[in-house]
Amino acid sequence: MELGHLEAFERAAREGSFTRAANALGLTQPSISARIAALEAELGGAVFERGGRRLHLTPLGRAFLPYAERSLAVLADGRDAVRRYAEGKQGYVSVGVLQPLAMYMLARPLERFRMEYPAVDVAIRERHPRIVIDMLYGGTATLGLLGAPVWDKGLAVLARFQEPVHLVAAVDHPLAVRARERESVALADLFAHTIYRVTLNPRVTALVQNLVEQGRRGSGGAVIQVPAVMALQPLILGQGVAFLPESYVQRHITAGTLAFLPVDDLPLLYNETTLVTLGGRDLDQPNAAFARIVRAECRSMLVD
């Protein structure tokens, strides 16, 4: 049974005439008649009662018509889905991301993407770097957002981002008060206070860990390793300090609840992140659009 047979049957039933069905489908009347005859041969009986000025369905035709209509509707939906998919209006975007990048780098891109592509499903999953890479190779993620550098030769870099990392504390923290009073803050001053260590890109994470472990021996401070999202509330309450990316805490800085602390003997630190996909993979329209929007929304951090 061919699609043309179903289209001819449904249109003839709707129009009540082979001639009008032919005109609607851009065919000749004999072509419509031939298609209906082929359908009747396959079904084993007539679908129309011949004779009279208007076509009427036979009992067999009435029984079959709902299935023909349903089949044509499903095919129409399929065509529309393919068209929308080609236009990036439907599909699936899957991103594996290192926490805390999902919160401060992908929130605005996701909001914009949802406005532009409301019919596209999106999954953003926070995972450890090795798991994100496994997801890319396994096909459960199309895009990955990881700390730089990414050494895996099988991954293709779509964008690199860089932003300053600052020492952060509550505005009424003793070190913040000292900084406001223009008293210098040295690295050694940190080690009498609780330090929340969060995972950033490998270089910064290793540097901060080394500084902390070398400097706080014998001090009364403590090092607490937590996800970045868990460090914010204790910091706001004045319970410690942490090294955090600038944009991650900017709204708290603007609100006056947290402050950046300049440290005299600490080099400038930068958090570097990389948007990647599997090498050799051609991104479909939705995933390419999501990558484009991430670049656009994070352009202040974009380095290439």
# chains A, B, ... in the order shown; residues from 1 in each chain; ligands from 1
>>> select_by_dssp(residues="region 107-174 of chain A", states="strand (DSSP E or B)", output="PDB file with N, CA and C atoms, in the first residue's frame")
ATOM      1  N   VAL A 120      12.831  22.144  21.834  1.00  0.00           N
ATOM      2  CA  VAL A 120      14.006  21.271  21.960  1.00  0.00           C
ATOM      3  C   VAL A 120      14.186  20.850  23.415  1.00  0.00           C
ATOM      4  N   ASP A 121      14.298  19.548  23.638  1.00  0.00           N
ATOM      5  CA  ASP A 121      14.565  19.034  24.985  1.00  0.00           C
ATOM      6  C   ASP A 121      16.037  19.283  25.336  1.00  0.00           C
ATOM      7  N   VAL A 122      16.281  19.600  26.603  1.00  0.00           N
ATOM      8  CA  VAL A 122      17.645  19.896  27.068  1.00  0.00           C
ATOM      9  C   VAL A 122      17.906  19.134  28.362  1.00  0.00           C
ATOM     10  N   ALA A 123      19.080  18.532  28.458  1.00  0.00           N
ATOM     11  CA  ALA A 123      19.518  17.885  29.703  1.00  0.00           C
ATOM     12  C   ALA A 123      20.919  18.388  30.028  1.00  0.00           C
ATOM     13  N   ILE A 124      21.072  19.000  31.209  1.00  0.00           N
ATOM     14  CA  ILE A 124      22.375  19.453  31.690  1.00  0.00           C
ATOM     15  C   ILE A 124      22.686  18.662  32.954  1.00  0.00           C
ATOM     16  N   ARG A 125      23.756  17.894  32.909  1.00  0.00           N
ATOM     17  CA  ARG A 125      24.088  16.992  34.009  1.00  0.00           C
ATOM     18  C   ARG A 125      25.444  17.373  34.601  1.00  0.00           C
ATOM     19  N   GLU A 126      25.476  17.587  35.914  1.00  0.00           N
ATOM     20  CA  GLU A 126      26.728  17.879  36.609  1.00  0.00           C
ATOM     21  C   GLU A 126      27.451  16.566  36.912  1.00  0.00           C
ATOM     22  N   LEU A 143      27.698  17.786  24.208  1.00  0.00           N
ATOM     23  CA  LEU A 143      28.586  18.886  24.564  1.00  0.00           C
ATOM     24  C   LEU A 143      29.114  18.675  25.979  1.00  0.00           C
ATOM     25  N   GLY A 144      30.309  19.190  26.244  1.00  0.00           N
ATOM     26  CA  GLY A 144      30.883  19.123  27.579  1.00  0.00           C
ATOM     27  C   GLY A 144      31.501  20.462  27.951  1.00  0.00           C
ATOM     28  N   LEU A 145      31.351  20.848  29.200  1.00  0.00           N
ATOM     29  CA  LEU A 145      31.972  22.074  29.706  1.00  0.00           C
ATOM     30  C   LEU A 145      32.898  21.674  30.845  1.00  0.00           C
ATOM     31  N   LEU A 146      34.205  21.791  30.617  1.00  0.00           N
ATOM     32  CA  LEU A 146      35.210  21.255  31.526  1.00  0.00           C
ATOM     33  C   LEU A 146      36.243  22.314  31.868  1.00  0.00           C
ATOM     34  N   GLY A 147      36.942  22.060  32.973  1.00  0.00           N
ATOM     35  CA  GLY A 147      38.078  22.899  33.303  1.00  0.00           C
ATOM     36  C   GLY A 147      39.202  22.674  32.310  1.00  0.00           C
ATOM     37  N   LEU A 155      38.829  14.853  21.745  1.00  0.00           N
ATOM     38  CA  LEU A 155      37.819  15.888  21.917  1.00  0.00           C
ATOM     39  C   LEU A 155      38.168  17.117  21.085  1.00  0.00           C
ATOM     40  N   ALA A 156      37.148  17.742  20.542  1.00  0.00           N
ATOM     41  CA  ALA A 156      37.318  18.967  19.760  1.00  0.00           C
ATOM     42  C   ALA A 156      36.880  20.162  20.597  1.00  0.00           C
ATOM     43  N   VAL A 157      37.715  21.189  20.628  1.00  0.00           N
ATOM     44  CA  VAL A 157      37.431  22.393  21.411  1.00  0.00           C
ATOM     45  C   VAL A 157      36.566  23.349  20.597  1.00  0.00           C
ATOM     46  N   LEU A 158      35.419  23.708  21.156  1.00  0.00           N
ATOM     47  CA  LEU A 158      34.503  24.648  20.509  1.00  0.00           C
ATOM     48  C   LEU A 158      34.709  26.081  21.003  1.00  0.00           C
ATOM     49  N   ALA A 159      35.156  26.222  22.244  1.00  0.00           N
ATOM     50  CA  ALA A 159      35.390  27.558  22.803  1.00  0.00           C
ATOM     51  C   ALA A 159      36.216  27.428  24.068  1.00  0.00           C
ATOM     52  N   ARG A 160      37.017  28.474  24.337  1.00  0.00           N
ATOM     53  CA  ARG A 160      37.783  28.566  25.581  1.00  0.00           C
ATOM     54  C   ARG A 160      37.373  29.841  26.306  1.00  0.00           C
ATOM     55  N   PHE A 161      37.256  29.715  27.620  1.00  0.00           N
ATOM     56  CA  PHE A 161      36.843  30.857  28.436  1.00  0.00           C
ATOM     57  C   PHE A 161      37.843  31.054  29.571  1.00  0.00           C
ATOM     58  N   GLN A 162      37.997  32.300  29.995  1.00  0.00           N
ATOM     59  CA  GLN A 162      38.917  32.617  31.090  1.00  0.00           C
ATOM     60  C   GLN A 162      38.351  33.789  31.883  1.00  0.00           C
ATOM     61  N   GLU A 163      38.429  33.684  33.221  1.00  0.00           N
ATOM     62  CA  GLU A 163      37.991  34.791  34.066  1.00  0.00           C
ATOM     63  C   GLU A 163      38.802  34.792  35.361  1.00  0.00           C
ATOM     64  N   PRO A 164      38.915  35.949  36.004  1.00  0.00           N
ATOM     65  CA  PRO A 164      39.702  36.026  37.245  1.00  0.00           C
ATOM     66  C   PRO A 164      39.083  35.204  38.365  1.00  0.00           C
ATOM     67  N   VAL A 165      39.947  34.667  39.203  1.00  0.00           N
ATOM     68  CA  VAL A 165      39.535  34.008  40.449  1.00  0.00           C
ATOM     69  C   VAL A 165      39.979  34.894  41.599  1.00  0.00           C
ATOM     70  N   HIS A 166      39.068  35.198  42.516  1.00  0.00           N
ATOM     71  CA  HIS A 166      39.358  36.104  43.628  1.00  0.00           C
ATOM     72  C   HIS A 166      39.203  35.364  44.961  1.00  0.00           C
ATOM     73  N   LEU A 167      39.938  35.848  45.939  1.00  0.00           N
ATOM     74  CA  LEU A 167      39.665  35.446  47.307  1.00  0.00           C
ATOM     75  C   LEU A 167      38.432  36.213  47.756  1.00  0.00           C
ATOM     76  N   VAL A 168      37.459  35.487  48.321  1.00  0.00           N
ATOM     77  CA  VAL A 168      36.159  36.074  48.636  1.00  0.00           C
ATOM     78  C   VAL A 168      35.840  35.826  50.104  1.00  0.00           C
ATOM     79  N   ALA A 169      35.236  36.827  50.754  1.00  0.00           N
ATOM     80  CA  ALA A 169      34.778  36.696  52.137  1.00  0.00           C
ATOM     81  C   ALA A 169      33.596  37.631  52.338  1.00  0.00           C
ATOM     82  N   ALA A 170      32.904  37.464  53.454  1.00  0.00           N
ATOM     83  CA  ALA A 170      31.807  38.374  53.803  1.00  0.00           C
ATOM     84  C   ALA A 170      32.358  39.779  54.015  1.00  0.00           C
TER      85      ALA A 170
END
>>> select_by_dssp(residues="region 221-299 of chain A", states="helix (DSSP H, G or I)", output="ChimeraX atom specification")
/A:228-236,246-255,285-297
>>> closest_residue(among="A:Gly61, A:Gly4, A:Pro109, A:Pro245", to="Arg35 (chain A)", atoms="only C-alpha atoms")
A:Gly4
>>> closest_atom_pairs(of="region 25-140 of chain A", to="region 297-301 of chain A", cutoff="12 Å", atoms="only C-alpha atoms", output="tab-separated table")
residue	atom	partner	partner_atom	distance
A:Leu101	CA	A:Cys298	CA	11.6
A:Tyr104	CA	A:Cys298	CA	9.8
A:Met105	CA	A:Cys298	CA	7.0
A:Leu106	CA	A:Glu297	CA	8.7
A:Ala107	CA	A:Glu297	CA	9.7
A:Arg108	CA	A:Glu297	CA	6.9
A:Pro109	CA	A:Glu297	CA	5.9
A:Leu110	CA	A:Glu297	CA	9.7
A:Glu111	CA	A:Glu297	CA	10.3
A:Arg112	CA	A:Glu297	CA	8.7
A:Phe113	CA	A:Glu297	CA	10.4
>>> write_last_selection(atoms="N, CA and C atoms", output="compact mmCIF listing (two decimals), in the first residue's frame")
# COMPACT_ATOMS: atom_id res chain seq x y z
N LEU A 101 30.15 25.04 37.16
CA LEU A 101 29.98 25.78 35.91
C LEU A 101 28.53 25.85 35.46
N TYR A 104 26.66 29.15 36.96
CA TYR A 104 26.95 30.52 36.58
C TYR A 104 27.33 30.70 35.12
N MET A 105 27.60 29.61 34.39
CA MET A 105 27.92 29.77 32.98
C MET A 105 26.78 29.34 32.06
N LEU A 106 25.90 28.47 32.52
CA LEU A 106 24.88 27.95 31.62
C LEU A 106 23.48 28.44 31.92
N ALA A 107 23.28 29.12 33.04
CA ALA A 107 21.92 29.56 33.37
C ALA A 107 21.37 30.53 32.33
N ARG A 108 22.13 31.56 31.98
CA ARG A 108 21.65 32.54 31.00
C ARG A 108 21.60 31.95 29.59
N PRO A 109 22.61 31.17 29.15
CA PRO A 109 22.47 30.53 27.84
C PRO A 109 21.25 29.62 27.74
N LEU A 110 20.95 28.89 28.82
CA LEU A 110 19.78 28.02 28.79
C LEU A 110 18.50 28.84 28.65
N GLU A 111 18.42 29.94 29.38
CA GLU A 111 17.22 30.80 29.29
C GLU A 111 17.03 31.33 27.87
N ARG A 112 18.11 31.79 27.26
CA ARG A 112 18.01 32.31 25.89
C ARG A 112 17.69 31.19 24.91
N PHE A 113 18.31 30.03 25.08
CA PHE A 113 18.06 28.91 24.18
C PHE A 113 16.60 28.48 24.25
>>> atom_distance(atom1="CA of Asp282 (chain A)", atom2="CA of His128 (chain A)")
24.7 Å
>>> closest_residue(among="A:Glu116, A:Asp172, A:Asp134, A:Glu7", to="Ala76 (chain A)", atoms="only C-alpha atoms")
A:Glu7
>>> closest_atom_pairs(of="region 136-228 of chain A", to="region 236-239 of chain A", cutoff="12 Å", atoms="only C-alpha atoms", output="tab-separated table")
residue	atom	partner	partner_atom	distance
A:Val168	CA	A:Ile236	CA	9.6
A:Ala169	CA	A:Gly238	CA	6.7
A:Ala170	CA	A:Gly238	CA	5.0
A:Val171	CA	A:Gly238	CA	7.9
A:Asp172	CA	A:Gly238	CA	6.9
A:His173	CA	A:Gly238	CA	5.4
A:Pro174	CA	A:Gly238	CA	8.8
A:Leu175	CA	A:Gly238	CA	10.3
A:Ala176	CA	A:Gly238	CA	10.0
A:Val177	CA	A:Gly238	CA	11.5
A:Ala192	CA	A:Gln239	CA	11.8
A:His193	CA	A:Gln239	CA	8.2
A:Thr194	CA	A:Gln239	CA	6.9
A:Ile195	CA	A:Gln239	CA	8.9
A:Tyr196	CA	A:Gln239	CA	9.5
A:Gly221	CA	A:Gln239	CA	11.0
A:Ala222	CA	A:Gln239	CA	11.0
A:Val223	CA	A:Gln239	CA	11.9
A:Ile224	CA	A:Gln239	CA	11.4
>>> residues_around(residues="Leu136 (chain A)", least_positions_apart="3", cutoff="9 Å", atoms="only C-alpha atoms", output="PyMOL selection string")
chain A and resi 95-96+131-133+139-144+155+276-278
>>> residues_around(residues="Ala63 (chain A)", least_positions_apart="5", cutoff="12 Å", atoms="only C-alpha atoms", output="short mmCIF file (atom, residue, chain, number, x, y, z; two decimals) with N, CA and C atoms, in the first residue's frame")
data_model
loop_
_atom_site.label_atom_id
_atom_site.label_comp_id
_atom_site.auth_asym_id
_atom_site.auth_seq_id
_atom_site.Cartn_x
_atom_site.Cartn_y
_atom_site.Cartn_z
N LEU A 43 -7.16 -4.04 -0.61
CA LEU A 43 -8.10 -4.23 0.50
C LEU A 43 -9.09 -5.36 0.24
N GLY A 45 -11.85 -5.18 -1.83
CA GLY A 45 -13.22 -4.72 -2.02
C GLY A 45 -13.27 -3.26 -2.37
N ALA A 46 -14.42 -2.81 -2.80
CA ALA A 46 -14.61 -1.42 -3.21
C ALA A 46 -14.69 -0.51 -1.99
N VAL A 47 -14.12 0.68 -2.14
CA VAL A 47 -14.19 1.66 -1.05
C VAL A 47 -15.21 2.75 -1.36
N PHE A 48 -15.62 2.87 -2.63
CA PHE A 48 -16.64 3.84 -3.02
C PHE A 48 -17.75 3.13 -3.79
N LEU A 57 -18.98 6.42 0.38
CA LEU A 57 -18.16 5.31 0.88
C LEU A 57 -18.99 4.05 1.04
N THR A 58 -18.37 2.93 0.73
CA THR A 58 -18.96 1.64 1.05
C THR A 58 -18.70 1.33 2.52
N ALA A 68 -6.77 5.48 7.35
CA ALA A 68 -6.06 6.24 6.32
C ALA A 68 -5.79 7.66 6.81
N GLU A 69 -6.80 8.29 7.42
CA GLU A 69 -6.62 9.65 7.95
C GLU A 69 -5.55 9.68 9.02
#
